[in-house]
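Structure file coords-v5.txt (compact mmCIF, N, CA, C and O atoms) follows.
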```
# COMPACT_ATOMS: atom_id res chain seq x y z
N MET A 270 40.44 44.99 83.28
CA MET A 270 39.24 44.55 83.96
C MET A 270 38.02 45.10 83.23
O MET A 270 37.97 46.28 82.90
N THR A 271 37.04 44.22 82.93
CA THR A 271 35.85 44.66 82.21
C THR A 271 34.76 45.08 83.19
O THR A 271 34.66 44.54 84.30
N ARG A 272 33.96 46.01 82.70
CA ARG A 272 32.85 46.47 83.54
C ARG A 272 31.66 45.53 83.42
O ARG A 272 31.46 44.92 82.37
N ARG A 273 30.88 45.43 84.47
CA ARG A 273 29.65 44.63 84.41
C ARG A 273 28.59 45.41 83.66
O ARG A 273 28.49 46.62 83.79
N LYS A 274 27.79 44.70 82.89
CA LYS A 274 26.73 45.33 82.13
C LYS A 274 25.60 45.74 83.06
O LYS A 274 25.18 44.98 83.93
N LYS A 275 25.10 46.96 82.87
CA LYS A 275 24.01 47.45 83.70
C LYS A 275 22.71 46.78 83.28
O LYS A 275 22.46 46.57 82.09
N THR A 276 21.88 46.47 84.24
CA THR A 276 20.56 45.92 83.91
C THR A 276 19.61 47.09 83.67
O THR A 276 19.73 48.14 84.29
N ARG A 277 18.68 46.89 82.76
CA ARG A 277 17.75 47.96 82.44
C ARG A 277 16.75 48.20 83.55
O ARG A 277 16.28 49.31 83.75
N SER A 278 16.36 47.14 84.24
CA SER A 278 15.41 47.32 85.34
C SER A 278 15.71 46.32 86.44
O SER A 278 16.37 45.31 86.23
N LEU A 279 15.18 46.61 87.59
CA LEU A 279 15.36 45.72 88.72
C LEU A 279 14.20 44.74 88.85
O LEU A 279 14.12 44.00 89.81
N ALA A 280 13.29 44.74 87.85
CA ALA A 280 12.08 43.93 87.94
C ALA A 280 12.37 42.45 88.11
O ALA A 280 11.68 41.75 88.84
N ASP A 281 13.39 41.96 87.42
CA ASP A 281 13.69 40.53 87.49
C ASP A 281 14.33 40.15 88.83
O ASP A 281 14.27 38.99 89.23
N LYS A 282 14.95 41.10 89.50
CA LYS A 282 15.66 40.80 90.73
C LYS A 282 14.72 40.79 91.94
O LYS A 282 15.04 40.20 92.95
N VAL A 283 13.58 41.44 91.84
CA VAL A 283 12.66 41.54 92.97
C VAL A 283 11.89 40.24 93.11
O VAL A 283 11.41 39.67 92.13
N THR A 284 11.77 39.75 94.33
CA THR A 284 11.09 38.47 94.55
C THR A 284 9.60 38.65 94.82
O THR A 284 8.80 37.88 94.34
N ILE A 285 9.23 39.64 95.60
CA ILE A 285 7.81 39.85 95.92
C ILE A 285 7.30 41.02 95.08
O ILE A 285 7.76 42.14 95.21
N ARG A 286 6.33 40.73 94.20
CA ARG A 286 5.81 41.77 93.34
C ARG A 286 4.30 41.59 93.24
O ARG A 286 3.81 40.48 93.09
N THR A 287 3.57 42.69 93.29
CA THR A 287 2.11 42.61 93.16
C THR A 287 1.63 43.68 92.21
O THR A 287 2.11 44.81 92.24
N GLY A 288 0.68 43.30 91.36
CA GLY A 288 0.07 44.27 90.47
C GLY A 288 0.95 44.77 89.36
O GLY A 288 0.72 45.84 88.82
N LYS A 289 1.97 44.03 89.02
CA LYS A 289 2.87 44.47 87.95
C LYS A 289 2.48 43.81 86.63
O LYS A 289 1.83 42.79 86.59
N ARG A 290 2.91 44.42 85.55
CA ARG A 290 2.55 43.94 84.22
C ARG A 290 3.04 42.51 83.98
O ARG A 290 2.35 41.69 83.40
N LYS A 291 4.23 42.21 84.45
CA LYS A 291 4.78 40.88 84.25
C LYS A 291 3.93 39.82 84.96
O LYS A 291 3.67 38.75 84.43
N ASP A 292 3.49 40.15 86.16
CA ASP A 292 2.62 39.24 86.90
C ASP A 292 1.30 39.06 86.17
O ASP A 292 0.76 37.95 86.11
N TYR A 293 0.76 40.13 85.64
CA TYR A 293 -0.52 40.06 84.94
C TYR A 293 -0.39 39.20 83.68
O TYR A 293 -1.26 38.38 83.38
N LYS A 294 0.72 39.37 82.95
CA LYS A 294 0.94 38.56 81.75
C LYS A 294 1.03 37.08 82.11
O LYS A 294 0.49 36.22 81.42
N LYS A 295 1.70 36.78 83.22
CA LYS A 295 1.82 35.40 83.66
C LYS A 295 0.45 34.85 84.05
O LYS A 295 0.11 33.72 83.69
N TRP A 296 -0.33 35.65 84.77
CA TRP A 296 -1.67 35.22 85.18
C TRP A 296 -2.55 34.97 83.96
O TRP A 296 -3.28 33.99 83.90
N ARG A 297 -2.48 35.85 82.97
CA ARG A 297 -3.28 35.68 81.74
C ARG A 297 -2.90 34.39 81.02
O ARG A 297 -3.75 33.70 80.48
N HIS A 298 -1.61 34.10 81.02
CA HIS A 298 -1.13 32.89 80.35
C HIS A 298 -1.63 31.63 81.07
O HIS A 298 -1.98 30.64 80.43
N GLU A 299 -1.68 31.70 82.40
CA GLU A 299 -2.10 30.54 83.19
C GLU A 299 -3.63 30.39 83.23
O GLU A 299 -4.13 29.29 83.44
N ASN A 300 -4.39 31.48 83.05
CA ASN A 300 -5.85 31.44 83.14
C ASN A 300 -6.50 31.99 81.87
O ASN A 300 -7.10 33.07 81.90
N PRO A 301 -6.41 31.28 80.75
CA PRO A 301 -6.98 31.83 79.51
C PRO A 301 -8.50 31.89 79.51
O PRO A 301 -9.09 32.71 78.82
N ASP A 302 -9.14 31.03 80.33
CA ASP A 302 -10.60 31.03 80.35
C ASP A 302 -11.18 32.24 81.07
O ASP A 302 -12.34 32.60 80.84
N GLN A 303 -10.42 32.88 81.92
CA GLN A 303 -10.92 34.03 82.67
C GLN A 303 -10.64 35.35 81.96
O GLN A 303 -11.14 36.39 82.36
N VAL A 304 -9.85 35.30 80.92
CA VAL A 304 -9.49 36.53 80.20
C VAL A 304 -10.55 36.81 79.14
O VAL A 304 -10.83 35.97 78.28
N VAL A 305 -11.17 37.98 79.20
CA VAL A 305 -12.21 38.36 78.26
C VAL A 305 -11.85 39.70 77.65
O VAL A 305 -11.41 40.61 78.35
N SER A 306 -12.04 39.82 76.33
CA SER A 306 -11.78 41.09 75.67
C SER A 306 -12.81 42.13 76.10
O SER A 306 -13.95 41.79 76.43
N SER A 307 -12.42 43.38 76.02
CA SER A 307 -13.34 44.45 76.40
C SER A 307 -14.44 44.59 75.36
O SER A 307 -14.29 44.19 74.20
N ARG A 308 -15.58 45.15 75.78
CA ARG A 308 -16.71 45.32 74.86
C ARG A 308 -16.32 46.23 73.70
O ARG A 308 -16.70 46.01 72.56
N ARG A 309 -15.56 47.27 74.00
CA ARG A 309 -15.15 48.22 72.96
C ARG A 309 -14.30 47.52 71.89
O ARG A 309 -14.47 47.74 70.69
N PHE A 310 -13.39 46.67 72.34
CA PHE A 310 -12.51 45.95 71.41
C PHE A 310 -13.32 45.01 70.53
O PHE A 310 -13.12 44.95 69.31
N THR A 311 -14.24 44.25 71.12
CA THR A 311 -15.03 43.30 70.34
C THR A 311 -15.93 44.03 69.35
O THR A 311 -16.10 43.58 68.21
N GLN A 312 -16.50 45.17 69.75
CA GLN A 312 -17.33 45.94 68.83
C GLN A 312 -16.50 46.48 67.67
O GLN A 312 -16.93 46.45 66.51
N LYS A 313 -15.31 46.94 67.99
CA LYS A 313 -14.42 47.47 66.96
C LYS A 313 -14.05 46.38 65.95
O LYS A 313 -14.09 46.59 64.73
N LYS A 314 -13.70 45.18 66.46
CA LYS A 314 -13.33 44.09 65.58
C LYS A 314 -14.51 43.63 64.74
O LYS A 314 -14.36 43.31 63.56
N ARG A 315 -15.71 43.59 65.33
CA ARG A 315 -16.90 43.19 64.58
C ARG A 315 -17.16 44.16 63.43
O ARG A 315 -17.46 43.77 62.31
N GLN A 316 -17.00 45.46 63.73
CA GLN A 316 -17.19 46.48 62.70
C GLN A 316 -16.16 46.33 61.58
O GLN A 316 -16.47 46.45 60.40
N GLN A 317 -14.92 46.06 61.95
CA GLN A 317 -13.85 45.87 60.96
C GLN A 317 -14.15 44.68 60.06
O GLN A 317 -13.95 44.74 58.85
N ARG A 318 -14.67 43.60 60.65
CA ARG A 318 -14.98 42.42 59.85
C ARG A 318 -16.13 42.68 58.90
O ARG A 318 -16.13 42.20 57.76
N LYS A 319 -17.12 43.45 59.35
CA LYS A 319 -18.24 43.81 58.47
C LYS A 319 -17.73 44.63 57.28
O LYS A 319 -18.12 44.39 56.13
N LEU A 320 -16.87 45.60 57.55
CA LEU A 320 -16.30 46.42 56.48
C LEU A 320 -15.50 45.57 55.51
O LEU A 320 -15.59 45.74 54.29
N GLN A 321 -14.72 44.64 56.05
CA GLN A 321 -13.89 43.78 55.20
C GLN A 321 -14.77 42.93 54.30
O GLN A 321 -14.49 42.77 53.10
N ALA A 322 -15.86 42.39 54.85
CA ALA A 322 -16.76 41.55 54.05
C ALA A 322 -17.44 42.38 52.97
O ALA A 322 -17.60 41.93 51.83
N ALA A 323 -17.84 43.61 53.30
CA ALA A 323 -18.49 44.48 52.32
C ALA A 323 -17.54 44.81 51.18
O ALA A 323 -17.92 44.80 50.00
N ARG A 324 -16.28 45.10 51.52
CA ARG A 324 -15.28 45.40 50.49
C ARG A 324 -15.03 44.19 49.60
O ARG A 324 -14.87 44.32 48.38
N LYS A 325 -14.99 43.01 50.21
CA LYS A 325 -14.76 41.79 49.42
C LYS A 325 -15.91 41.56 48.45
O LYS A 325 -15.69 41.24 47.28
N LEU A 326 -17.16 41.74 48.91
CA LEU A 326 -18.30 41.59 48.03
C LEU A 326 -18.26 42.60 46.90
O LEU A 326 -18.56 42.27 45.74
N ALA A 327 -17.89 43.84 47.21
CA ALA A 327 -17.81 44.88 46.19
C ALA A 327 -16.77 44.51 45.13
O ALA A 327 -16.99 44.70 43.93
N ARG A 328 -15.63 43.98 45.57
CA ARG A 328 -14.59 43.56 44.62
C ARG A 328 -15.10 42.44 43.74
O ARG A 328 -14.84 42.42 42.54
N GLN A 329 -15.81 41.48 44.33
CA GLN A 329 -16.30 40.35 43.55
C GLN A 329 -17.34 40.78 42.53
O GLN A 329 -17.35 40.30 41.40
N GLU A 330 -18.22 41.70 42.92
CA GLU A 330 -19.25 42.17 41.99
C GLU A 330 -18.67 43.04 40.89
O GLU A 330 -19.17 43.07 39.78
N GLN A 331 -17.60 43.76 41.22
CA GLN A 331 -16.99 44.67 40.25
C GLN A 331 -16.27 43.90 39.15
O GLN A 331 -16.31 44.28 37.99
N GLY A 332 -15.64 42.80 39.51
CA GLY A 332 -14.85 42.04 38.54
C GLY A 332 -15.70 41.41 37.47
O GLY A 332 -16.88 41.12 37.65
N ASP A 333 -15.11 41.20 36.29
CA ASP A 333 -15.82 40.57 35.19
C ASP A 333 -15.97 39.08 35.47
O ASP A 333 -15.05 38.42 35.96
N SER A 334 -17.13 38.55 35.14
CA SER A 334 -17.33 37.12 35.34
C SER A 334 -16.70 36.36 34.18
O SER A 334 -16.80 36.75 33.02
N ILE A 335 -16.05 35.28 34.52
CA ILE A 335 -15.37 34.46 33.52
C ILE A 335 -16.23 33.23 33.27
O ILE A 335 -16.66 32.54 34.20
N ALA A 336 -16.47 32.95 32.00
CA ALA A 336 -17.25 31.76 31.66
C ALA A 336 -16.36 30.54 31.80
O ALA A 336 -15.40 30.36 31.05
N ILE A 337 -16.65 29.72 32.79
CA ILE A 337 -15.81 28.55 33.04
C ILE A 337 -16.05 27.49 31.98
O ILE A 337 -15.12 26.86 31.48
N HIS A 338 -17.32 27.29 31.59
CA HIS A 338 -17.65 26.33 30.54
C HIS A 338 -18.31 27.08 29.38
O HIS A 338 -19.53 27.10 29.27
N PRO A 339 -17.51 27.68 28.53
CA PRO A 339 -18.12 28.40 27.39
C PRO A 339 -18.80 27.43 26.43
O PRO A 339 -18.48 26.24 26.39
N GLU A 340 -19.73 27.95 25.66
CA GLU A 340 -20.51 27.12 24.74
C GLU A 340 -19.65 26.50 23.63
O GLU A 340 -19.98 25.47 23.09
N SER A 341 -18.54 27.13 23.28
CA SER A 341 -17.70 26.62 22.21
C SER A 341 -17.07 25.28 22.56
O SER A 341 -16.78 24.48 21.68
N SER A 342 -16.86 25.00 23.83
CA SER A 342 -16.22 23.74 24.22
C SER A 342 -17.15 22.55 23.97
O SER A 342 -16.68 21.45 23.68
N THR A 343 -18.48 22.73 24.01
CA THR A 343 -19.40 21.61 23.76
C THR A 343 -19.38 21.23 22.29
O THR A 343 -19.50 20.07 21.95
N THR A 344 -19.20 22.19 21.41
CA THR A 344 -19.18 21.87 19.97
C THR A 344 -17.92 21.09 19.62
O THR A 344 -17.97 20.18 18.79
N THR A 345 -16.80 21.39 20.24
CA THR A 345 -15.57 20.67 19.95
C THR A 345 -15.67 19.23 20.39
O THR A 345 -15.16 18.33 19.73
N SER A 346 -16.33 18.97 21.52
CA SER A 346 -16.44 17.58 21.97
C SER A 346 -17.36 16.79 21.06
O SER A 346 -17.14 15.60 20.86
N GLU A 347 -18.38 17.43 20.50
CA GLU A 347 -19.28 16.73 19.56
C GLU A 347 -18.53 16.39 18.26
O GLU A 347 -18.74 15.34 17.68
N GLU A 348 -17.63 17.27 17.83
CA GLU A 348 -16.86 17.03 16.61
C GLU A 348 -15.94 15.83 16.79
O GLU A 348 -15.70 15.06 15.87
N ARG A 349 -15.41 15.64 18.00
CA ARG A 349 -14.52 14.52 18.26
C ARG A 349 -15.27 13.19 18.17
O ARG A 349 -14.72 12.19 17.75
N ASP A 350 -16.52 13.16 18.64
CA ASP A 350 -17.30 11.92 18.65
C ASP A 350 -17.59 11.43 17.25
O ASP A 350 -17.72 10.24 17.02
N GLU A 351 -17.73 12.33 16.27
CA GLU A 351 -18.12 11.94 14.90
C GLU A 351 -17.02 11.28 14.12
O GLU A 351 -15.99 11.01 14.32
```

Structure encoded using structure tokens:
Amino acid sequence: MTRRKKTRSLADKVTIRTGKRKDYKKWRHENPDQVVSSRRFTQKKRQQRKLQAARKLARQEQGDSIAIHPESSTTTSEERDE
């Protein structure tokens, strides 16, 4: 005879539940327009984006610029025409 597997929590078995995390997650999923991020979170993310943009600009300025249309290519096209 095999033993029944123990459940980790009784949360799924309870029918009436109030103020629990699972209920809150369900409510958030059903009402996305009422869910707003905290001010601290939005400020933190805004600061992170500013830092990321500054780092990207620094990388772009640091790198060597590549001449996409060097002057030597115009002379070769003139030689072909002659």

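Between atom N of Thr311 in chain A and atom N of Trp296 in chain A the interatomic distance comes to 21.3 Å.
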
Using the file's own x, y and z axes, what box holds all listed atoms of range 292-303 of chain A with 5 Å on each side, keeping edges along x, y and z, and what are its centre and edge lengths in Å to one decimal, as AutoDock Vina command-line options?
```
--center_x -4.4 --center_y 34.7 --center_z 82.9 --size_x 25.8 --size_y 20.9 --size_z 18.1
```

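For the pair atom O of Glu330 in chain A and atom O of Arg318 in chain A, the interatomic distance is 18.3 Å.
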
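Between atom C of Glu299 in chain A and atom N of Gln316 in chain A lies a distance of 28.0 Å.
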